[in-house]
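This report concerns only the one structure given below.
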Amino acid sequence: MAAATVTLARRIARSGVLFPRSSPQVWGQASRQPPGLLSTQSRAFSNKKILVELDTSSGVATMKFKSPPVNSLSLDFLTEFCISLEKLENDRACRGLIITSTIPRVFSSGLDIMEMYGKSTEHYAEFWRAVQEMWLRLYGSNMVTVAAINGSSPAGGCLIALSCDYRIMVENPKYVIGLNEAQLGIVAPFWFKDTFVNAVGHRVAERSLQLGLLHSVPEAHQIGLVDEVVPEEKLQDKAVAVVAQWLALPDHARQLTKSMMRKAVLDHMLAHREEDIQNFVNFISKDSIQKSLSMYMEMLKKKKS
Amino acid sequence: MAAATVTLARRIARSGVLFPRSSPQVWGQASRQPPGLLSTQSRAFSNKKILVELDTSSGVATMKFKSPPVNSLSLDFLTEFCISLEKLENDRACRGLIITSTIPRVFSSGLDIMEMYGKSTEHYAEFWRAVQEMWLRLYGSNMVTVAAINGSSPAGGCLIALSCDYRIMVENPKYVIGLNEAQLGIVAPFWFKDTFVNAVGHRVAERSLQLGLLHSVPEAHQIGLVDEVVPEEKLQDKAVAVVAQWLALPDHARQLTKSMMRKAVLDHMLAHREEDIQNFVNFISKDSIQKSLSMYMEMLKKKKS
Amino acid sequence: MAAATVTLARRIARSGVLFPRSSPQVWGQASRQPPGLLSTQSRAFSNKKILVELDTSSGVATMKFKSPPVNSLSLDFLTEFCISLEKLENDRACRGLIITSTIPRVFSSGLDIMEMYGKSTEHYAEFWRAVQEMWLRLYGSNMVTVAAINGSSPAGGCLIALSCDYRIMVENPKYVIGLNEAQLGIVAPFWFKDTFVNAVGHRVAERSLQLGLLHSVPEAHQIGLVDEVVPEEKLQDKAVAVVAQWLALPDHARQLTKSMMRKAVLDHMLAHREEDIQNFVNFISKDSIQKSLSMYMEMLKKKKS
C-alpha cells in the first residue's frame with residue numbers, strides 16, 4: 001500500500017494537479033473562490049481526459065469522459081479519474097456524481113490494450129494497481145453515483161457502470177454492454193466478477209462471463225445489468241432526477257447502508273490486492289497472451305480500415 | 001448469552017406466564033386439558049398484545065397482533081412474541097404458524113421508536129437483544145411459518161414477514177412493505193440485510209435499503225418480497241392452504257432443509273450478537289440520531305393531528 | 001483421498017475398462033486407431049450403462065444414458081460415468097459434452113434407492129463417495145457441458161443437469177425436474193443445495209427444496225432451473241448449436257472463468273468431503289430413514305402394478 005500511495009502521489013504530481021492527497025482541504029478552499037460569470041452555481045475543472053463539472057446548488061458533479069477515440073482506460077486516464085474522484089469525495093459541496101461520455105457512441109471501451117502489450121512487468125503492475133484503485137474508489141464511494149451510459153461499454157467500461165449505484169442506458173440498437181474479456185482470451189479478475197454477481201446474480205454472471213457476452217440494451221435491462229433505458233434526449237434529465245431521489249435520503253444512513261452492502265466484496269479485494277497484481281502481471285506477460293492481444297489489435301486495425 | 005437468558009427469564013416471570021423455558025412439557029400437559037365447549041379442536045391463549053389460537057386438528061397456530069394503534073414492536077410486545085413462539089415451538093401439537101394482524105390496515109409498524117428515544121443504554125441493550133431474539137426464534141423456527149400480511153408492514157414489521165417461510169399480502173393500493181430504516185436516518189442491521197438479500201437478491205436489496213423504499217403490493221410481489229397477493233377475503237383460506245402444503249412434507253426432512261438454507265445467516269448473527277448490541281447502543285445513543293428520531297416523532301404527531 | 005483413489009481404481013479394474021487413471025494417453029492412442037466405415041469423423045465406446053460418442057471433427061462428445069428402466073444412479077452407473085468423464089477430460093480431441101438419455105420419458109431418476117437400503121455402512125460410504133466424485137468431475141469439468149434433458153429428471157438426475165454449463169429441456173407436459181429429496185424424507189446435501197442456489201438464487205431454492213418440488217417444464221424455465229425449452233425433435237440440433245457457441249471462445253479464458261465461478265462451491269465440498277460421507281452414512285443407516293425408504297419402494301412397486 002505504501003508503494004502504491006507513493007506511485008499515485010508521483011503520478012498526481014506528474015499530472016500537474018495542484019491538490020495532493022494529503023491536503024484535500026485545498027480543494028475545499030478552492031470551492032470558496034468566487035464563481036465565474038456564466039453560472040453562479042457551478043464550477044468546472046477540466047483535465048486532459050475527463051471534464052468535471054460541479055453544480056454547487058444541487059451538490060451533484062458530472063464527469064464527462066472526453067478521451068478520443070474511445071475513452072479507453074489508459075494509465076493516464078485512470079490516474080486522472082482517481083484524482084477527480086478523490087477531489088469530489090473530499091469536497092463537502094459534492095454529494096452526487098453522474099458519469100457520462102462526450103464521445104459519440106462510446107461510454108468507455110475499457111482497459112487500454114496498449115498498456116498491456118509489450119511493456120515491462122513494472123508497468124503492468126502500476127497499470128493494474130491503477131485499475132484496482134479506480135474500482136476501490138468508485139465502488140466504495142460515499143457519493144451517490146449514477147452511470148449515464150450514452151454509448152457502448154465493454155469490459156472495463158462496463159465495470160465503471162457496474163460500480164455506480166444506478167445505471168441508465170440510452171436506447172440504441174447499436175450500443176452494447178458487458179464483461180467480454182473472455183472473447184479477447186483474457187479473464188475478468190475476481191472482483192469484476194463479484195461486482196457483476198452483486199448486480200445480476202450468479203447464474204446470469206456465469207453464462208455472460210464465460211461467453212464474454214456483449215448485451216444489447218434491452219437484454220442488459222432484462223438481466224438487470226442496467227436499471228433503466230431512456231431515449232438519448234432524456235438521459236441527462238433522468239440522471240439528475242435519479243441522483244436527486246437518492247440524495248433525498250440522509251447521507252449518513254445511506255452511506256452506512258451502501259457500505260454494508262459492498263463491504264464484503266471491497267474487503268475481499270483489498271485482502272488479495274498484491275496477489276491480484278502479481279496474477280495479472282504473470283498472466284499478461286505470457287507469450288500466449290501477448291500473442292492473443294497482438295492478434296486482437298491487428299483485427300481492430302483491419303476493422304477500422 | 002447467560003445474561004440474555006436471565007433477562008428473558010425475568011421478563012417471562014414478569015409477564016405472568018406460567019411456562020418457564022426449562023419446562024416446555026408444562027405446555028404439553030396443558031394440551032391434554034379438556035377442550036372448551038365451542039370447539040373441540042382448538043384452544044386459545046390471549047395475552048395483552050398477541051392472540052394465539054391453536055387448531056389442534058391441523059396442528060396450525062395463528063398469531064394475531066392486537067396492539068393498538070399500529071402493532072409496534074415494543075419491548076413488551078417482543079417479549080410476548082418470543083414467549084408465544086417458544087411455547088408453540090415446544091408444543092408437539094403445533095407444526096405450523098400463521099402470523100397476521102387484527103388492527104385494520106397495519107400488519108406491524110416495526111420497532112417502537114419510544115424504546116429507542118431518551119432511554120438508558122441498559123434499556124437500549126435489553127430492547128435490541130429482544131429484537132434479535134425474536135428474529136432468531138422466527139427465522140430459525142422448526143414450524144412452517146406463513147405471514148398473512150393484511151396491512152402495511154414497514155421496517156421491523158417487514159422483517160417479521162421476511163423471517164417466515166412464505167409471505168401472502170392483501171391486494172390494497174394503500175398498503176406498503178419494506179425496510180425503510182434509511183428514511184428515518186437509521187440503518188438496518190446486517191442481519192435484517194442478510195434476511196432481505198436471501199429473499200430478493202443482492203441488487204434489489206442494495207437499492208431498496210439505500211432508498212429506504214416502501215414498496216406497493218404489486219411491486220413487492222414483482223421483486224419477490226412477497227410470494228403471493230390475494231384479495232382480503234381470501235387471505236385466511238390461502239394461508240391455511242399454504243401451511244397445509246408445506247406440512248405435507250415429512251417434518252424432519254423439511255426442518256433439516258430449512259436449517260441448511262438459513263444456518264449461515266443465523267450463525268453469522270449469533271457470532272456477532274454482543275457486538276451488534278453494542279453497535280446499536282452506541283449508534284442510537286448519539287445526539288444526532290436522538291435528534292433525528294425526535295424530529296421523526298414530531299412529524300408523526302403532526303400527521304395525526 | 002488416497003482410499004478413494006484406490007477404490008475408484010479397483011472399480012475401474014472391475015469394470016473391465018482398459019484405460020487406468022494414470023495413463024490418460026492410452027485413450028489418446030486409441031483415438032489414433034483407424035475410424036470405422038460409417039463415419040470417418042466419429043468414434044464411440046459403449047459400456048453397459050452409458051453410450052459415449054465422440055465427434056472428432058467438432059470435438060464434441062455425447063453421453064447417452066441407457067440404463068433401464070429409469071437410468072438410476074447406481075454405484076455401477078456412477079463408476080462408469082466417472083470413468084467416461086475422466087477419459088473425455090483427458091482426451092485432447094474432446095472439448096465439449098452433451099448429456100442425454102436413450103430411455104423414453106426419463107433423463108435420469110436420480111440416486112438408486114437400492115444402494116441406500118439394507119446395505120453395509122461400507123457400501124453406503126463407497127456409494128456416496130461415487131456420487132460426490134461424479135459431481136466434482138462434472139461441475140468442475142473443463143469441457144463445455146450441455147444437458148439435453150429429454151425426460152423427467154428428479155433428485156440426482158436434476159443435479160446432473162444443474163452441474164452442466166447449460167440446460168435445454170424438451171417441451172412435454174409430463175416431464176418434471178427438481179430436487180425432490182424432501183418428499184422422500186431425506187435431505188439434499190449442502191453441495192446439491194449450493195449448486196441449485198448458484199443456478200436459481202437463494203429464495204427459489206429455499207422454497208423448492210423445502211417442498212421437494214418437481215417443476216413442470218415451463219415452471220423450470222421460468223425460475224431459471226433450465227435455460228431453454230425446445231420441442232423434442234429440435235433438442236439435438238439445439239444442443240449442438242449451444243456447444244458450438246460456447247466452444248467459439250478461447251478454451252483457456254473460458255475454463256479459467258468457469259473455474260472462478262464454481263471454485264468456492266467445489267472447494268467447500270472438498271474441504272468437507274469426509275464429513276459429508278460420514279453424515280450420509282449416519283443418516284441413511286437410521287432405522288427411521290430405512291423405514292421411509294422401504295415405504296417409498298413399496299409405493300413405487302404398487303404404482304407399477
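Chain identifiers are assigned as A, B, and so on, following the order in which chains appear in the C-alpha cells; residues are numbered from 1 within each chain, and ligands are numbered from 1 in order of appearance.
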
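Within 6 Å of chain A, and counting only C-alpha atoms, chain C contributes Asn198, Ala199, Leu249, Pro250, Ala253, Arg254 and Thr257 of chain C.
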
Output file for the residues above (all heavy atoms, as a compact mmCIF listing (two decimals), in the first residue's frame):
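Saved result, selection_23.txt, follows:
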```
# COMPACT_ATOMS: atom_id res chain seq x y z
N ASN C 198 -26.72 -21.54 -6.90
CA ASN C 198 -25.95 -20.88 -7.97
C ASN C 198 -26.76 -20.74 -9.26
O ASN C 198 -26.53 -19.83 -10.04
CB ASN C 198 -24.65 -21.64 -8.26
CG ASN C 198 -23.51 -21.18 -7.36
OD1 ASN C 198 -23.66 -20.25 -6.57
ND2 ASN C 198 -22.36 -21.84 -7.47
N ALA C 199 -27.70 -21.64 -9.46
CA ALA C 199 -28.50 -21.59 -10.70
C ALA C 199 -29.76 -20.74 -10.55
O ALA C 199 -30.08 -19.97 -11.45
CB ALA C 199 -28.88 -23.00 -11.14
N LEU C 249 -15.35 -19.60 -27.90
CA LEU C 249 -14.48 -18.82 -27.01
C LEU C 249 -13.14 -19.54 -26.86
O LEU C 249 -13.09 -20.76 -26.93
CB LEU C 249 -15.12 -18.68 -25.63
CG LEU C 249 -16.17 -17.60 -25.41
CD1 LEU C 249 -15.53 -16.22 -25.31
CD2 LEU C 249 -17.27 -17.62 -26.45
N PRO C 250 -12.07 -18.79 -26.62
CA PRO C 250 -10.78 -19.44 -26.35
C PRO C 250 -10.90 -20.34 -25.11
O PRO C 250 -11.35 -19.87 -24.06
CB PRO C 250 -9.84 -18.26 -26.06
CG PRO C 250 -10.52 -17.05 -26.62
CD PRO C 250 -11.99 -17.31 -26.58
N ALA C 253 -9.41 -19.05 -21.58
CA ALA C 253 -10.16 -17.98 -20.91
C ALA C 253 -11.49 -18.50 -20.38
O ALA C 253 -11.90 -18.18 -19.26
CB ALA C 253 -10.39 -16.82 -21.87
N ARG C 254 -12.18 -19.31 -21.19
CA ARG C 254 -13.47 -19.85 -20.76
C ARG C 254 -13.32 -20.75 -19.53
O ARG C 254 -14.09 -20.68 -18.58
CB ARG C 254 -14.12 -20.63 -21.90
CG ARG C 254 -15.52 -21.14 -21.59
CD ARG C 254 -16.05 -22.05 -22.67
NE ARG C 254 -15.15 -23.13 -23.00
CZ ARG C 254 -14.89 -24.18 -22.20
NH1 ARG C 254 -15.47 -24.29 -21.03
NH2 ARG C 254 -14.04 -25.11 -22.58
N THR C 257 -12.51 -18.80 -16.39
CA THR C 257 -13.71 -18.09 -15.96
C THR C 257 -14.67 -19.05 -15.26
O THR C 257 -15.22 -18.75 -14.19
CB THR C 257 -14.41 -17.42 -17.16
OG1 THR C 257 -13.47 -16.59 -17.84
CG2 THR C 257 -15.59 -16.58 -16.72
```

I want to know what sits within 7 Å of segment 89-98 of chain C, based on only C-alpha atoms, with residues of the same chain fewer than 5 positions away left out; could you give that as a JSON list (two decimals) with N, CA and C atoms, in the first residue's frame?
```
[["chain", "number", "residue", "atom", "x", "y", "z"],
["C", 24, "PRO", "N", -3.82, -41.53, -19.08],
["C", 24, "PRO", "CA", -4.81, -40.97, -19.98],
["C", 24, "PRO", "C", -4.37, -41.03, -21.44],
["C", 27, "TRP", "N", -5.90, -43.52, -23.98],
["C", 27, "TRP", "CA", -7.09, -43.12, -24.70],
["C", 27, "TRP", "C", -6.72, -42.25, -25.90],
["C", 28, "GLY", "N", -5.76, -41.40, -25.69],
["C", 28, "GLY", "CA", -5.23, -40.60, -26.79],
["C", 28, "GLY", "C", -4.76, -41.51, -27.92],
["C", 56, "THR", "N", -15.05, -36.30, -33.61],
["C", 56, "THR", "CA", -13.70, -35.70, -33.56],
["C", 56, "THR", "C", -13.59, -34.45, -34.43],
["C", 59, "GLY", "N", -15.15, -31.97, -31.97],
["C", 59, "GLY", "CA", -14.61, -32.05, -30.61],
["C", 59, "GLY", "C", -15.69, -32.19, -29.56],
["C", 60, "VAL", "N", -16.87, -32.61, -29.98],
["C", 60, "VAL", "CA", -17.99, -32.71, -29.04],
["C", 60, "VAL", "C", -18.39, -34.18, -28.84],
["C", 61, "ALA", "N", -18.39, -34.60, -27.59],
["C", 61, "ALA", "CA", -18.84, -35.95, -27.25],
["C", 61, "ALA", "C", -20.29, -35.91, -26.80],
["C", 62, "THR", "N", -21.00, -37.01, -27.01],
["C", 62, "THR", "CA", -22.35, -37.15, -26.47],
["C", 62, "THR", "C", -22.39, -38.38, -25.57],
["C", 63, "MET", "N", -22.90, -38.18, -24.36],
["C", 63, "MET", "CA", -23.12, -39.30, -23.44],
["C", 63, "MET", "C", -24.60, -39.60, -23.45],
["C", 143, "MET", "N", -14.52, -29.14, -19.87],
["C", 143, "MET", "CA", -15.29, -29.17, -21.11],
["C", 143, "MET", "C", -16.50, -28.25, -21.02],
["C", 144, "VAL", "N", -17.01, -27.84, -22.18],
["C", 144, "VAL", "CA", -18.33, -27.21, -22.22],
["C", 144, "VAL", "C", -19.35, -28.32, -22.07],
["C", 145, "THR", "N", -20.23, -28.23, -21.09],
["C", 145, "THR", "CA", -21.17, -29.31, -20.82],
["C", 145, "THR", "C", -22.61, -28.82, -20.97],
["C", 146, "VAL", "N", -23.37, -29.53, -21.78],
["C", 146, "VAL", "CA", -24.77, -29.16, -22.02],
["C", 146, "VAL", "C", -25.66, -30.35, -21.68],
["C", 147, "ALA", "N", -26.67, -30.12, -20.84],
["C", 147, "ALA", "CA", -27.66, -31.17, -20.54],
["C", 147, "ALA", "C", -28.80, -31.06, -21.53],
["C", 148, "ALA", "N", -29.01, -32.11, -22.31],
["C", 148, "ALA", "CA", -30.13, -32.17, -23.25],
["C", 148, "ALA", "C", -31.19, -33.06, -22.59],
["C", 239, "ALA", "N", -28.73, -28.49, -28.91],
["C", 239, "ALA", "CA", -27.60, -28.79, -28.01],
["C", 239, "ALA", "C", -26.28, -28.62, -28.76],
["C", 243, "VAL", "N", -23.33, -25.88, -27.76],
["C", 243, "VAL", "CA", -21.94, -26.25, -27.51],
["C", 243, "VAL", "C", -21.01, -25.48, -28.45]]
```

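The residue that comes closest to Val131 of chain A, out of A:Gly224, A:Gly157, A:Pro173, A:Gly118 and on the basis of only C-alpha atoms, is A:Gly157.
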
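Residue nearest Gln236 of chain B, chosen from B:Ser42, B:Ser120, B:Ser108, B:Asn150 and counting only C-alpha atoms: B:Asn150.
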
Who sits within 10 Å of Arg105 of chain B, only C-alpha atoms, same chain under 3 positions skipped, as a ChimeraX atom specification: /B:70,101-102,108,149-153,170,172,174-176

Take the residues that were just selected and, keeping N, CA and C atoms, output them as a compact mmCIF listing (two decimals), in the first residue's frame.
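Just written: out15.txt:
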```txt
# COMPACT_ATOMS: atom_id res chain seq x y z
N VAL B 70 -50.74 0.58 16.21
CA VAL B 70 -50.13 0.08 14.97
C VAL B 70 -49.24 -1.14 15.17
N SER B 101 -52.63 -9.81 11.57
CA SER B 101 -52.95 -8.68 12.43
C SER B 101 -54.45 -8.50 12.59
N THR B 102 -54.87 -8.03 13.76
CA THR B 102 -56.30 -7.70 13.94
C THR B 102 -56.52 -6.19 13.81
N SER B 108 -47.63 -4.71 11.00
CA SER B 108 -46.89 -4.17 12.14
C SER B 108 -46.07 -2.99 11.65
N ILE B 149 -50.15 -11.03 5.47
CA ILE B 149 -49.88 -9.61 5.67
C ILE B 149 -51.10 -8.79 5.24
N ASN B 150 -51.91 -8.41 6.23
CA ASN B 150 -53.16 -7.72 5.94
C ASN B 150 -53.08 -6.24 6.29
N GLY B 151 -51.97 -5.63 5.94
CA GLY B 151 -51.81 -4.19 6.19
C GLY B 151 -50.37 -3.80 5.93
N SER B 152 -50.06 -2.54 6.14
CA SER B 152 -48.70 -2.07 5.87
C SER B 152 -47.71 -2.69 6.84
N SER B 153 -46.48 -2.79 6.37
CA SER B 153 -45.50 -3.55 7.12
C SER B 153 -44.10 -2.99 6.92
N VAL B 170 -52.22 -8.86 1.18
CA VAL B 170 -53.53 -8.45 0.69
C VAL B 170 -53.37 -7.36 -0.38
N ASN B 172 -54.09 -4.18 -1.91
CA ASN B 172 -54.68 -2.93 -1.43
C ASN B 172 -53.74 -1.80 -1.82
N LYS B 174 -53.29 0.96 -0.75
CA LYS B 174 -52.76 1.79 0.35
C LYS B 174 -51.68 1.08 1.16
N TYR B 175 -51.55 -0.23 0.98
CA TYR B 175 -50.59 -0.97 1.81
C TYR B 175 -49.18 -0.90 1.20
N VAL B 176 -48.20 -0.80 2.07
CA VAL B 176 -46.80 -0.80 1.64
C VAL B 176 -45.99 -1.72 2.55
```

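The environment of Ala155 of chain A within 10 Å, counting only C-alpha atoms and disregarding residues fewer than 3 places along the same chain, consists of Ser108, Ser109, Gly110, Leu111, Cys158, Leu159, Ile160, Ile177, Gly178, Leu179, Asn180, Glu181, Ala182, Ala188, Phe192, Gly212, Leu213 and Leu214 of chain A.
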
Neighbours of segment 271-274 of chain C within 12 Å (only C-alpha atoms; same-chain residues fewer than 3 positions away dropped), as a ChimeraX atom specification? /C:1-4,125-126,128-133,135-136,189-191,263-268,277-281

Run DSSP on the backbone of this structure and report the residues of segment 53-242 of chain B it assigns to helix (DSSP H, G or I), as a PyMOL selection string. chain B and resi 75-89+113-116+121-139+155-163+181-184+190-200+202-211+217-222+232-242

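Between atom CA of Met269 of chain A and atom CA of Asn142 of chain C the interatomic distance comes to 25.8 Å.
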